[in-house]
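Shown next: target.cif, given as mmCIF, C-alpha atoms and all ligand atoms.
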data_protein
loop_
_atom_site.label_atom_id
_atom_site.label_comp_id
_atom_site.auth_asym_id
_atom_site.auth_seq_id
_atom_site.Cartn_x
_atom_site.Cartn_y
_atom_site.Cartn_z
CA MET A 1 0.00 0.00 0.00
CA SER A 2 1.24 3.44 -0.75
CA THR A 3 1.75 6.06 1.92
CA SER A 4 -1.19 8.31 2.71
CA PHE A 5 -1.13 11.90 3.92
CA GLN A 6 -2.28 10.71 7.32
CA ASP A 7 0.65 8.28 7.47
CA LEU A 8 2.87 11.36 7.19
CA GLY A 9 1.18 12.93 10.20
CA VAL A 10 -1.29 15.17 8.38
CA ALA A 11 -4.40 15.66 10.52
CA GLN A 12 -7.65 14.11 9.43
CA ASP A 13 -9.48 17.33 8.58
CA LEU A 14 -6.71 18.46 6.23
CA ALA A 15 -6.33 14.99 4.69
CA GLN A 16 -10.05 14.98 4.14
CA TYR A 17 -9.90 18.38 2.47
CA LEU A 18 -7.17 17.08 0.15
CA HIS A 19 -9.32 14.04 -0.60
CA SER A 20 -12.18 16.37 -1.56
CA GLN A 21 -9.78 17.95 -4.04
CA GLY A 22 -8.92 14.57 -5.53
CA ILE A 23 -5.50 14.53 -3.88
CA GLU A 24 -5.04 11.11 -2.30
CA SER A 25 -1.43 10.04 -2.25
CA PRO A 26 1.50 12.30 -1.53
CA PHE A 27 4.19 13.06 -4.09
CA PRO A 28 7.82 12.17 -3.21
CA ILE A 29 8.79 15.66 -2.00
CA GLN A 30 5.73 15.60 0.27
CA VAL A 31 6.62 12.17 1.67
CA MET A 32 10.12 13.43 2.40
CA THR A 33 9.45 16.83 3.90
CA ILE A 34 6.02 16.81 5.56
CA PRO A 35 7.05 14.75 8.62
CA ASP A 36 10.08 17.01 9.24
CA GLY A 37 8.01 20.10 8.56
CA LEU A 38 5.37 18.93 11.03
CA ALA A 39 8.09 18.17 13.59
CA GLY A 40 9.14 21.81 13.39
CA ARG A 41 12.55 21.18 11.88
CA ASP A 42 14.29 23.46 9.44
CA VAL A 43 14.02 21.93 5.99
CA CYS A 44 15.89 22.40 2.71
CA GLY A 45 14.03 20.89 -0.18
CA LYS A 46 15.62 20.61 -3.56
CA ALA A 47 12.57 20.56 -5.75
CA GLN A 48 11.09 22.33 -8.68
CA THR A 49 7.75 23.74 -9.59
CA GLY A 50 5.44 20.90 -10.45
CA SER A 51 6.97 18.60 -7.82
CA GLY A 52 4.23 19.31 -5.32
CA LYS A 53 6.29 21.47 -3.00
CA THR A 54 3.41 23.85 -2.31
CA LEU A 55 1.57 21.22 -0.29
CA ALA A 56 4.87 20.03 1.17
CA PHE A 57 5.33 23.33 2.98
CA SER A 58 1.75 24.50 3.38
CA LEU A 59 0.46 21.47 5.27
CA PRO A 60 2.95 21.89 8.17
CA LEU A 61 2.36 25.64 8.05
CA ILE A 62 -1.39 25.30 8.39
CA GLU A 63 -1.16 22.56 11.00
CA HIS A 64 0.84 24.75 13.37
CA THR A 65 -0.54 28.23 12.74
CA VAL A 66 -2.58 29.56 15.64
CA PRO A 67 -4.47 32.84 15.24
CA GLN A 68 -3.13 35.55 17.54
CA ASP A 69 -5.40 37.71 19.69
CA ASP A 70 -4.03 40.85 18.07
CA GLY A 71 -4.22 39.38 14.56
CA VAL A 72 -0.47 39.40 13.88
CA PRO A 73 0.66 36.79 11.33
CA THR A 74 2.79 33.88 12.54
CA SER A 75 3.33 32.17 9.20
CA LEU A 76 5.05 33.66 6.20
CA VAL A 77 5.75 32.43 2.69
CA LEU A 78 8.24 34.37 0.57
CA THR A 79 8.10 33.76 -3.14
CA PRO A 80 9.78 35.56 -6.06
CA THR A 81 6.93 36.51 -8.35
CA ARG A 82 3.42 37.78 -8.14
CA GLU A 83 2.19 34.88 -10.23
CA LEU A 84 3.65 32.39 -7.80
CA ALA A 85 2.27 34.29 -4.82
CA ASN A 86 -1.12 34.03 -6.41
CA GLN A 87 -0.71 30.40 -7.30
CA ILE A 88 0.37 29.51 -3.75
CA SER A 89 -2.41 31.48 -2.13
CA LYS A 90 -4.97 29.67 -4.27
CA VAL A 91 -3.72 26.42 -2.73
CA VAL A 92 -3.27 27.70 0.82
CA GLU A 93 -6.32 29.90 1.28
CA PRO A 94 -9.09 27.27 1.01
CA MET A 95 -7.04 24.73 2.96
CA ALA A 96 -6.28 27.24 5.73
CA ALA A 97 -9.97 28.11 5.83
CA VAL A 98 -10.64 24.52 7.01
CA ARG A 99 -8.96 25.66 10.24
CA GLY A 100 -10.52 29.10 10.19
CA LEU A 101 -7.16 30.68 9.35
CA ARG A 102 -6.94 33.89 7.36
CA THR A 103 -4.54 34.05 4.44
CA LEU A 104 -3.39 37.11 2.54
CA ALA A 105 -1.25 37.33 -0.58
CA VAL A 106 0.75 40.55 -0.78
CA TYR A 107 2.58 41.62 -3.89
CA GLY A 108 3.14 44.77 -5.85
CA GLY A 109 0.64 46.10 -8.32
CA THR A 110 -2.30 45.56 -5.99
CA ASN A 111 -4.09 48.15 -3.91
CA LEU A 112 -1.86 49.01 -0.98
CA GLU A 113 -4.48 50.80 1.12
CA LYS A 114 -6.85 47.88 0.89
CA GLN A 115 -4.09 45.49 1.88
CA ILE A 116 -3.18 47.59 4.88
CA GLU A 117 -6.80 47.53 5.96
CA THR A 118 -7.05 43.75 5.57
CA ILE A 119 -3.86 43.30 7.60
CA SER A 120 -5.17 45.52 10.35
CA ASN A 121 -8.23 43.26 10.62
CA GLY A 122 -5.94 40.33 11.38
CA VAL A 123 -4.15 37.82 9.17
CA ASP A 124 -2.59 34.49 10.12
CA ILE A 125 -0.66 33.48 7.01
CA ILE A 126 1.07 35.92 4.66
CA ILE A 127 2.21 34.91 1.18
CA ALA A 128 4.40 37.65 -0.21
CA THR A 129 6.92 38.83 -2.72
CA PRO A 130 9.84 40.46 -0.90
CA GLY A 131 9.42 43.97 -2.33
CA ARG A 132 5.85 44.57 -1.26
CA LEU A 133 6.40 42.87 2.07
CA ILE A 134 9.27 45.19 2.93
CA ASP A 135 7.19 48.16 1.86
CA LEU A 136 4.46 47.11 4.31
CA ILE A 137 6.94 46.47 7.10
CA ASP A 138 8.59 49.86 6.49
CA ARG A 139 5.24 51.59 6.72
CA GLY A 140 4.58 49.89 10.02
CA ALA A 141 1.53 48.20 8.50
CA LEU A 142 2.81 44.67 8.97
CA ASP A 143 4.64 43.08 11.85
CA VAL A 144 6.80 40.04 11.06
CA THR A 145 8.69 40.00 14.33
CA ARG A 146 6.50 37.25 15.74
CA VAL A 147 6.58 34.96 12.71
CA GLU A 148 7.10 31.39 13.85
CA ARG A 149 7.31 29.63 10.49
CA VAL A 150 8.80 31.02 7.32
CA VAL A 151 9.03 29.47 3.88
CA VAL A 152 11.52 30.67 1.29
CA ASP A 153 10.10 29.38 -1.98
CA GLU A 154 12.12 29.11 -5.21
CA ALA A 155 15.23 30.49 -3.56
CA ASP A 156 17.27 30.01 -6.75
CA ARG A 157 14.93 32.29 -8.63
CA MET A 158 15.08 34.81 -5.81
CA ALA A 159 18.84 34.75 -6.35
CA ASP A 160 18.46 35.11 -10.14
CA MET A 161 16.19 38.07 -9.68
CA GLY A 162 18.47 39.77 -7.18
CA PHE A 163 16.01 39.35 -4.31
CA LEU A 164 18.22 37.54 -1.81
CA PRO A 165 19.27 40.69 0.08
CA GLN A 166 15.59 41.51 0.54
CA VAL A 167 14.80 37.97 1.65
CA GLU A 168 17.60 38.17 4.21
CA TRP A 169 16.37 41.57 5.35
CA VAL A 170 12.98 40.04 6.10
CA LEU A 171 14.50 37.01 7.83
CA ARG A 172 16.57 39.29 10.06
CA HIS A 173 13.42 41.08 11.16
CA ILE A 174 11.89 37.94 12.60
CA GLU A 175 12.59 37.98 16.31
CA THR A 176 11.27 34.59 17.37
CA ASP A 177 13.12 31.32 17.34
CA HIS A 178 11.38 30.31 14.15
CA GLN A 179 11.21 27.36 11.78
CA THR A 180 12.53 27.93 8.24
CA MET A 181 11.70 25.82 5.19
CA LEU A 182 13.56 26.62 2.03
CA PHE A 183 12.79 25.22 -1.40
CA SER A 184 14.94 25.66 -4.43
CA ALA A 185 15.84 23.94 -7.69
CA THR A 186 19.50 24.28 -6.67
CA LEU A 187 20.99 24.45 -3.20
CA ASP A 188 24.45 25.76 -3.99
CA GLY A 189 26.05 29.19 -4.49
CA ALA A 190 24.11 32.14 -3.12
CA VAL A 191 21.30 29.87 -1.96
CA ASP A 192 23.72 27.88 0.13
CA THR A 193 24.89 31.10 1.78
CA VAL A 194 21.32 31.83 2.84
CA ILE A 195 20.97 28.29 4.15
CA GLN A 196 24.18 28.61 6.17
CA ARG A 197 23.15 31.94 7.64
CA HIS A 198 19.49 31.42 8.34
CA LEU A 199 18.71 27.74 8.76
CA SER A 200 19.63 25.80 11.82
CA ASP A 201 20.59 22.16 11.48
CA PRO A 202 18.35 21.69 8.46
CA VAL A 203 17.37 18.32 7.06
CA ARG A 204 18.00 18.15 3.34
CA HIS A 205 15.70 16.42 0.94
CA GLU A 206 16.08 16.12 -2.73
CA VAL A 207 13.75 14.86 -5.41
CA GLU A 208 15.06 14.04 -8.81
CA ALA A 209 14.46 17.09 -10.91
CA LYS A 210 11.07 16.33 -12.34
CA GLU A 211 12.16 17.62 -15.67
CA VAL A 212 9.82 15.86 -18.02
CA THR A 213 11.49 13.32 -20.17
CA VAL A 214 11.15 13.01 -23.88
CA GLU A 215 9.23 9.74 -23.44
CA GLU A 216 6.49 11.36 -21.41
CA MET A 217 4.96 13.29 -24.26
CA GLY A 218 4.33 13.30 -27.97
CA HIS A 219 6.46 15.32 -30.36
CA LEU A 220 5.69 16.74 -33.76
CA PHE A 221 8.07 18.70 -35.92
CA LEU A 222 6.25 20.65 -38.58
CA GLY A 223 7.82 22.41 -41.51
CA VAL A 224 5.82 25.59 -42.11
CA HIS A 225 5.98 28.53 -44.44
CA HIS A 226 6.43 31.97 -43.04
CA MET A 227 3.24 33.43 -44.51
CA ASP A 228 1.17 30.45 -43.37
CA LYS A 229 2.69 29.98 -39.92
CA VAL A 230 0.15 31.93 -37.86
CA LYS A 231 -2.70 30.12 -39.58
CA VAL A 232 -1.13 26.77 -38.72
CA VAL A 233 -0.96 27.83 -35.08
CA ALA A 234 -4.59 28.92 -35.18
CA ARG A 235 -5.57 25.46 -36.43
CA ILE A 236 -3.51 23.79 -33.72
CA VAL A 237 -5.18 25.91 -31.05
CA ASP A 238 -8.57 24.94 -32.49
CA SER A 239 -7.79 21.27 -32.12
CA VAL A 240 -7.18 21.30 -28.34
CA ASP A 241 -8.63 22.86 -25.19
CA LYS A 242 -5.53 24.73 -24.19
CA ALA A 243 -2.36 25.57 -26.03
CA MET A 244 0.70 27.39 -24.81
CA ILE A 245 2.84 29.03 -27.46
CA PHE A 246 6.42 30.09 -26.92
CA THR A 247 8.25 32.91 -28.62
CA ARG A 248 11.80 34.03 -28.03
CA THR A 249 11.19 37.73 -27.59
CA LYS A 250 8.64 39.98 -25.95
CA ARG A 251 8.00 41.79 -29.21
CA GLY A 252 7.56 38.46 -30.94
CA ALA A 253 4.98 37.52 -28.31
CA ASP A 254 3.05 40.75 -28.84
CA ARG A 255 3.13 40.35 -32.58
CA LEU A 256 1.94 36.76 -32.46
CA GLN A 257 -0.88 37.64 -30.09
CA ARG A 258 -2.09 40.32 -32.50
CA ASP A 259 -1.75 38.02 -35.51
CA LEU A 260 -3.64 35.22 -33.79
CA GLU A 261 -6.39 37.60 -32.75
CA ARG A 262 -6.74 38.52 -36.39
CA GLU A 263 -7.28 34.84 -37.08
CA GLY A 264 -10.10 34.84 -34.56
CA VAL A 265 -8.22 33.03 -31.79
CA ALA A 266 -9.05 33.97 -28.17
CA VAL A 267 -5.50 34.51 -26.98
CA GLY A 268 -3.57 36.24 -24.22
CA ALA A 269 0.11 36.91 -23.66
CA ILE A 270 2.50 37.03 -20.76
CA HIS A 271 5.91 38.62 -20.81
CA GLY A 272 8.02 40.87 -18.66
CA ASP A 273 6.99 44.17 -20.23
CA LEU A 274 3.30 43.72 -19.63
CA ARG A 275 1.66 45.33 -16.64
CA GLN A 276 1.00 43.06 -13.71
CA ASN A 277 -2.78 43.18 -13.97
CA HIS A 278 -2.43 42.36 -17.64
CA ARG A 279 -0.39 39.27 -16.99
CA GLU A 280 -2.67 38.16 -14.20
CA LYS A 281 -5.75 38.56 -16.31
CA ALA A 282 -4.21 36.62 -19.19
CA LEU A 283 -3.26 33.82 -16.79
CA ALA A 284 -6.64 33.74 -15.10
CA ASP A 285 -8.45 33.75 -18.44
CA PHE A 286 -6.27 30.93 -19.67
CA THR A 287 -6.66 28.85 -16.52
CA SER A 288 -10.43 29.27 -16.53
CA GLY A 289 -10.66 28.45 -20.23
CA ARG A 290 -11.95 31.87 -21.29
CA ILE A 291 -9.05 32.00 -23.69
CA LYS A 292 -7.64 28.92 -25.36
CA ALA A 293 -4.17 30.12 -26.15
CA LEU A 294 -1.45 31.78 -24.16
CA VAL A 295 1.63 33.23 -25.84
CA ALA A 296 4.61 33.40 -23.51
CA THR A 297 8.29 34.14 -23.43
CA ASP A 298 10.54 31.65 -21.65
CA VAL A 299 11.23 33.91 -18.70
CA ALA A 300 7.58 34.79 -18.08
CA ALA A 301 6.54 31.15 -18.12
CA ARG A 302 9.19 29.92 -15.72
CA GLY A 303 7.70 28.29 -12.70
CA LEU A 304 4.10 28.64 -13.78
CA HIS A 305 1.88 25.69 -13.37
CA ILE A 306 -1.20 25.48 -15.52
CA ASP A 307 -3.26 22.32 -15.68
CA GLU A 308 -4.45 20.58 -18.79
CA VAL A 309 -2.30 22.22 -21.40
CA GLY A 310 -2.79 19.81 -24.30
CA VAL A 311 -0.24 21.29 -26.63
CA VAL A 312 2.90 23.34 -26.32
CA VAL A 313 3.89 25.07 -29.53
CA HIS A 314 7.49 26.12 -30.07
CA TYR A 315 6.71 29.00 -32.39
CA ASP A 316 10.32 30.11 -32.33
CA PRO A 317 12.72 27.22 -31.89
CA PRO A 318 13.96 26.86 -28.31
CA GLU A 319 17.45 28.03 -27.59
CA ASP A 320 18.61 24.54 -26.65
CA HIS A 321 17.30 21.13 -25.64
CA LYS A 322 16.92 22.16 -22.01
CA THR A 323 14.64 25.00 -23.00
CA TYR A 324 12.75 22.55 -25.21
CA LEU A 325 12.09 20.27 -22.25
CA HIS A 326 11.30 23.18 -19.99
CA ARG A 327 8.75 24.63 -22.37
CA SER A 328 7.34 21.25 -23.31
CA GLY A 329 7.02 20.38 -19.64
CA ARG A 330 4.02 22.73 -19.51
CA THR A 331 2.14 19.85 -21.03
CA ALA A 332 2.51 16.36 -19.56
CA ARG A 333 2.24 17.70 -15.99
CA ALA A 334 1.30 15.53 -13.05
CA GLY A 335 0.96 12.39 -15.11
CA GLU A 336 -1.01 13.78 -17.99
CA SER A 337 0.51 13.59 -21.38
CA GLY A 338 0.45 16.15 -24.10
CA VAL A 339 2.11 17.08 -27.32
CA ALA A 340 4.96 19.42 -28.08
CA VAL A 341 4.87 20.88 -31.58
CA THR A 342 7.95 22.52 -32.99
CA LEU A 343 7.48 24.75 -36.01
CA SER A 344 10.30 24.99 -38.44
CA GLU A 345 10.75 27.52 -41.20
CA TRP A 346 13.17 26.57 -43.95
CA ASP A 347 16.08 28.44 -42.43
CA GLU A 348 15.53 26.89 -38.99
CA GLU A 349 15.81 23.30 -40.11
CA MET A 350 19.48 22.87 -39.27
CA ALA A 351 18.98 24.16 -35.74
CA ILE A 352 16.03 21.84 -35.27
CA ARG A 353 17.95 18.81 -36.50
CA LEU A 354 20.61 19.62 -33.94
CA LEU A 355 17.95 19.98 -31.27
CA GLN A 356 16.48 16.60 -32.19
CA ARG A 357 19.89 14.98 -31.92
CA ARG A 358 20.34 16.40 -28.46
CA LEU A 359 16.92 15.11 -27.44
CA GLY A 360 17.47 11.72 -28.98
CA LEU A 361 14.50 12.16 -31.28
CA GLN A 362 14.71 11.19 -34.88
CA GLN A 363 11.56 12.36 -36.45
CA PRO A 364 10.92 13.76 -39.87
CA ILE A 365 10.06 17.42 -40.16
CA ILE A 366 6.67 17.11 -41.79
CA GLU A 367 5.72 19.89 -44.15
CA VAL A 368 2.24 21.22 -43.48
CA PHE A 369 -0.03 23.95 -44.72
CA SER A 370 -2.80 25.40 -42.64
CA ASN A 371 -5.43 23.53 -44.65
CA ASP A 372 -3.93 20.16 -43.71
CA GLU A 373 -6.67 17.95 -42.28
CA ARG A 374 -4.36 16.33 -39.78
CA LEU A 375 -4.22 19.61 -37.88
CA ALA A 376 -7.88 19.17 -36.94
CA ASP A 377 -6.97 16.32 -34.61
CA LEU A 378 -3.48 16.99 -33.57
CA LEU A 379 -3.40 14.71 -30.54
CA THR A 380 -4.37 11.68 -32.63
CA TRP A 381 -1.85 12.65 -35.26
CA ALA A 382 0.91 12.88 -32.70
CA ARG A 383 -0.08 9.54 -31.21
CA GLU A 384 -0.05 7.81 -34.60
CA ASP A 385 3.22 9.44 -35.51
CA GLU A 386 4.62 8.28 -32.20
CA SER A 387 3.59 4.66 -32.71
CA ALA A 388 4.99 4.74 -36.24
CA ARG A 389 8.26 6.00 -34.81
CA ARG A 390 8.35 3.30 -32.15
CA ALA A 391 7.55 0.62 -34.73
CA ASP A 392 10.40 1.94 -36.87
CA GLN A 393 12.81 1.74 -34.00
CA LYS A 394 11.95 -1.91 -33.40
CA VAL A 395 12.77 -2.91 -36.97
P1 LIG B 1 3.36 22.39 -7.12
O1 LIG B 1 4.73 21.90 -7.48
O2 LIG B 1 3.18 22.52 -5.66
O3 LIG B 1 3.01 23.64 -7.87
O4 LIG B 1 2.29 21.28 -7.57
C1 LIG B 1 2.15 20.89 -8.90
C2 LIG B 1 0.79 20.31 -9.21
O5 LIG B 1 0.64 19.03 -8.67
C3 LIG B 1 -0.39 21.12 -8.72
O6 LIG B 1 -1.36 21.18 -9.75
C4 LIG B 1 -0.94 20.34 -7.56
O7 LIG B 1 -2.32 20.50 -7.39
C5 LIG B 1 -0.61 18.92 -7.95
N1 LIG B 1 -0.35 18.09 -6.78
C6 LIG B 1 0.48 18.37 -5.75
N2 LIG B 1 0.52 17.34 -4.90
C7 LIG B 1 -0.28 16.38 -5.38
C8 LIG B 1 -0.64 15.05 -4.95
N3 LIG B 1 -0.14 14.53 -3.84
N4 LIG B 1 -1.49 14.35 -5.72
C9 LIG B 1 -1.99 14.87 -6.87
N5 LIG B 1 -1.69 16.10 -7.32
C10 LIG B 1 -0.86 16.85 -6.60
#
Before anything else, please render the file you have as C-alpha cells.
Ligand code: AMP
Amino acid sequence: MSTSFQDLGVAQDLAQYLHSQGIESPFPIQVMTIPDGLAGRDVCGKAQTGSGKTLAFSLPLIEHTVPQDDGVPTSLVLTPTRELANQISKVVEPMAAVRGLRTLAVYGGTNLEKQIETISNGVDIIIATPGRLIDLIDRGALDVTRVERVVVDEADRMADMGFLPQVEWVLRHIETDHQTMLFSATLDGAVDTVIQRHLSDPVRHEVEAKEVTVEEMGHLFLGVHHMDKVKVVARIVDSVDKAMIFTRTKRGADRLQRDLEREGVAVGAIHGDLRQNHREKALADFTSGRIKALVATDVAARGLHIDEVGVVVHYDPPEDHKTYLHRSGRTARAGESGVAVTLSEWDEEMAIRLLQRRLGLQQPIIEVFSNDERLADLLTWAREDESARRADQKV
C-alpha cells in the first residue's frame, strides 16, 4: 500500500480536504518533507515547480498556525513573483480556511491601502513577494517580528532576480526562534549562503528534478511557411482545449498575439513588459478556459503551473534542448501527457535537427499547410506518428 497523507502525520481534517480535491497520495517531496516540517525542523528541499512542494510546505504551516489575539501573522511564505504568490495562495487559502485561518497574498501592483486595511483586521498566514512585504513592514503596517514559520520558496529564482538581500532583510526582522523551510531547484552558491546563515541544522531532501522526459509526451516537428505559420498555429489551437505558445522575444509575443487575434483566436500573452494586472488577467483567463491560447516568453513562463495544457507550440525554436524540455514540460504535468509541436521555417531546419539529436529524437520534419486535415486532430496525429516511430525503431 502506498503512503497516505495521514501516514505522514497530516491531521484528518486536512487529509479529508485534500481528498475532496482529488489529492489522495503524496508526491515524493511531500513524503520526504512533511514529517520534518510537522516536527518543526528546518528543511531544505531541492525541488522544482510541479513537484508538489506547495503542499509540502503549506500542510505543516497550516497545522501549526494559531491565530493571535491581536491578529499578527505567525506564518510567512516568501516567493519571487506575483504569479507564484497568487498560485500559492490559491492552494493555501481554502485549505487554511478549514482551520478558520486567514490568508493574505501581498505583492506589488495591488491596492496598498486595501491590503493595509485587511492586515489591520488580522491575518494568520502571509504569502508575499519580498518587495511589497518590505514596503508594508517599512510603513509599520505589517509586523513580522513574531513569525514562527517562514518558507523561502524558489530560492534560486530569488537569487536570479536579485532578491536575496531583501529575503535576508525580512528574515533578520523575525525575532522569534522560528522554523525555516527553504525550497529551491539548486541548493548551492548564493542559496547555500542563505541556508548557512538562516537555517539551523536543516534536514536536506532532494527529489530528482522532475524535468519531463522526452518519453512522457508526444512530439511533432512541422515544416511551415512563413506566410502560413500563424494560420497553422490557429488550427492547432482549435484542435485542443488549451495551447501554450512560446516565442523568443517579448516583441515576438506581442506580434503573435495580434496576428492570432486577427485569425479569430481567443488569446492572451504574458511577458516581462506587460503590466501586472495584464499578466494576471491573461493567466486567469487561460486557466479558466476563457481564452484557449497563451503566448509566452521563456522567462515569463518559468515556474508557472497550468493544468491541462494539451499542446505546447514552439513558435520560435527553443534556444537549446533544455529550453525545449522546460517549455514542453508545460504539457505532460502531473501524469497527464500532451504534445509538443515545434514549427520549423526553412532556415531553422538545421537548428532543429541539432535539437532533435540532443533530445534523442529522430523524427521527420513534416511539411504542413494550414489547410492540412491532420491539424484538426493533432493529438491523434501525434499519437499515430509516435507509434509509427516506435515501430520503426523496433525494426
Ligand atoms: P506544485 O509543485 O506545488 O506547484 O504542484 C504541482 C501540481 O501538482 C499542482 O497542480 C498540484 O495540485 C498537484 N499536486 C500536488 N501534490 C499532489 C498530490 N499529492 N497528488 C496529486 N496532485 C498533486
Identify, counting only C-alpha atoms and all ligand atoms, the protein, DNA and RNA residues located within 9 Å of ligand LIG 1 (chain B), and give them as an NGL selection string.
-> :A and (5 or 18 or 21-30 or 47-57 or 84 or 87-88 or 91 or 303-307 or 333-334)
Go ahead and write the residues just picked, C-alpha atoms, as a compact mmCIF listing (two decimals), keeping the file's coordinate frame.
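File written: result_12.txt
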# COMPACT_ATOMS: atom_id res chain seq x y z
CA PHE A 5 -1.13 11.90 3.92
CA LEU A 18 -7.17 17.08 0.15
CA GLN A 21 -9.78 17.95 -4.04
CA GLY A 22 -8.92 14.57 -5.53
CA ILE A 23 -5.50 14.53 -3.88
CA GLU A 24 -5.04 11.11 -2.30
CA SER A 25 -1.43 10.04 -2.25
CA PRO A 26 1.50 12.30 -1.53
CA PHE A 27 4.19 13.06 -4.09
CA PRO A 28 7.82 12.17 -3.21
CA ILE A 29 8.79 15.66 -2.00
CA GLN A 30 5.73 15.60 0.27
CA ALA A 47 12.57 20.56 -5.75
CA GLN A 48 11.09 22.33 -8.68
CA THR A 49 7.75 23.74 -9.59
CA GLY A 50 5.44 20.90 -10.45
CA SER A 51 6.97 18.60 -7.82
CA GLY A 52 4.23 19.31 -5.32
CA LYS A 53 6.29 21.47 -3.00
CA THR A 54 3.41 23.85 -2.31
CA LEU A 55 1.57 21.22 -0.29
CA ALA A 56 4.87 20.03 1.17
CA PHE A 57 5.33 23.33 2.98
CA LEU A 84 3.65 32.39 -7.80
CA GLN A 87 -0.71 30.40 -7.30
CA ILE A 88 0.37 29.51 -3.75
CA VAL A 91 -3.72 26.42 -2.73
CA GLY A 303 7.70 28.29 -12.70
CA LEU A 304 4.10 28.64 -13.78
CA HIS A 305 1.88 25.69 -13.37
CA ILE A 306 -1.20 25.48 -15.52
CA ASP A 307 -3.26 22.32 -15.68
CA ARG A 333 2.24 17.70 -15.99
CA ALA A 334 1.30 15.53 -13.05
What separation in Å, quoted to one decimal, exists between atom CA of A:Asp188 and atom CA of A:Val170?
-> 20.9 Å
Atom CA of A:Arg327 to atom CA of A:Asp298, distance in Å rounded to a single decimal =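 Distance reported for this atom pair: 7.3 Å.
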Exercise: stretch 197-206 of chain A partners within 8 Å, all atoms listed in the file, chain neighbours under 2 positions left out, as a list in words |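 What passes the distance filter is Ile29, Met32, Thr33, Asp36, Arg41, Asp42, Val43, Cys44, Gly45, Lys46, Ala47, Leu171, Thr180, Thr193, Val194, Ile195 and Glu208 of chain A.
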Distance criterion (all atoms listed in the file): nearest to A:Val66 out of A:Asp124, A:Asp320, A:Glu345, A:Asp285 |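 Looking only at the distances to A:Val66, the closest residue turns out to be A:Asp124.
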Write out as a VMD selection string which residues come within 10 Å of A:Pro80 when counting all atoms listed in the file, dropping same-chain ones fewer than 4 positions away.
-> chain A and resid 84 to 85 107 128 to 131 152 to 164 167
Selection from above, C-alpha atoms, as a PDB file, in the frame of the given file, can you write it?
ATOM      1  CA  LEU A  84       3.650  32.390  -7.800  1.00  0.00           C
ATOM      2  CA  ALA A  85       2.270  34.290  -4.820  1.00  0.00           C
ATOM      3  CA  TYR A 107       2.580  41.620  -3.890  1.00  0.00           C
ATOM      4  CA  ALA A 128       4.400  37.650  -0.210  1.00  0.00           C
ATOM      5  CA  THR A 129       6.920  38.830  -2.720  1.00  0.00           C
ATOM      6  CA  PRO A 130       9.840  40.460  -0.900  1.00  0.00           C
ATOM      7  CA  GLY A 131       9.420  43.970  -2.330  1.00  0.00           C
ATOM      8  CA  VAL A 152      11.520  30.670   1.290  1.00  0.00           C
ATOM      9  CA  ASP A 153      10.100  29.380  -1.980  1.00  0.00           C
ATOM     10  CA  GLU A 154      12.120  29.110  -5.210  1.00  0.00           C
ATOM     11  CA  ALA A 155      15.230  30.490  -3.560  1.00  0.00           C
ATOM     12  CA  ASP A 156      17.270  30.010  -6.750  1.00  0.00           C
ATOM     13  CA  ARG A 157      14.930  32.290  -8.630  1.00  0.00           C
ATOM     14  CA  MET A 158      15.080  34.810  -5.810  1.00  0.00           C
ATOM     15  CA  ALA A 159      18.840  34.750  -6.350  1.00  0.00           C
ATOM     16  CA  ASP A 160      18.460  35.110 -10.140  1.00  0.00           C
ATOM     17  CA  MET A 161      16.190  38.070  -9.680  1.00  0.00           C
ATOM     18  CA  GLY A 162      18.470  39.770  -7.180  1.00  0.00           C
ATOM     19  CA  PHE A 163      16.010  39.350  -4.310  1.00  0.00           C
ATOM     20  CA  LEU A 164      18.220  37.540  -1.810  1.00  0.00           C
ATOM     21  CA  VAL A 167      14.800  37.970   1.650  1.00  0.00           C
TER      22      VAL A 167
END
Suppose you want the space between atom CA of A:Gly338 and atom CA of A:Gly252; what is it in Å?
->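 Pair atom CA of A:Gly338 / atom CA of A:Gly252 returns 24.4 Å.
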So which residues are close to (-0.6, 39.9, 4.0), meaning at most 7 Å away in the file's coordinates with all atoms listed in the file counted, and can you show them as a list of chain:residue names?
->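 Residues satisfying the cut-off, written out: A:Leu104, A:Ala105, A:Val106, A:Gln115, A:Ile119, A:Val123, A:Ile126, A:Ile127, A:Ala128.
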Which protein, DNA or RNA residues have an atom at most 9 Å from (-3.1, 27.5, -27.5), counting all atoms listed in the file? List them as a PyMOL selection string.
-> chain A and resi 233-234+236-238+240-245+265-267+291-295+309-313
Which residues come within 7 Å of A:Leu8, counting all atoms listed in the file, excluding same-chain residues fewer than 6 positions away, as a ChimeraX atom specification?
-> /A:31,34-35
Within 12 Å of A:Thr323, counting only C-alpha atoms, which residues show up once you throw out same-chain ones fewer than 4 positions away? Write them as a list of chain:residue names, please.
->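 Surrounding residues, per the criterion: A:Glu211, A:Val212, A:Phe246, A:Thr247, A:Arg248, A:Thr297, A:Asp298, A:Val299, A:Ala301, A:Arg302, A:His314, A:Asp316, A:Pro317, A:Pro318, A:Glu319, A:Arg327, A:Ser328, A:Gly329, A:Arg330, A:Leu355, A:Arg358, A:Leu359.
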Of the candidates A:Gly100, A:Gly272, A:Gly71, A:Gly223, which one gets nearest to A:Trp346 if we count all atoms listed in the file?
->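 Checking each candidate against A:Trp346, we get A:Gly223 as the closest.
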9 Å contact set for A:Glu367, all atoms listed in the file, chain neighbours under 3 positions out, as an MDAnalysis selection string | chainID A and resid 221:225 344
Residue nearest A:Gln362 - candidates A:Arg374, A:His219, A:His173, A:His19, atoms counted: only C-alpha atoms |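 Closest to A:Gln362 of all the choices is A:His219.
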Centre and edge lengths of an axis-aligned box around all listed atoms of stretch 270-278 of chain A, with 6 Å added on each side, are to be given in Å to one decimal, as AutoDock Vina command-line options.
--center_x 2.6 --center_y 41.2 --center_z -17.3 --size_x 22.8 --size_y 20.3 --size_z 19.1
Which residue, A:Ala340, A:Val72, A:Leu375, A:Met350, has the smallest gap to A:Glu216 when you use only C-alpha atoms?
->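 Checking each candidate against A:Glu216, we get A:Ala340 as the closest.
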Counting only C-alpha atoms, the option among A:Gly109, A:Pro364, A:Gly140, A:Pro165 closest to A:Arg279 =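 Ranking A:Gly109, A:Pro364, A:Gly140, A:Pro165 by distance to A:Arg279, first place goes to A:Gly109.
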Of the candidates A:Ser58, A:Asn86, A:Gln356, A:Thr110, which shows the shortest atom-to-atom distance to A:Gln276, using all atoms listed in the file?
-> A:Thr110
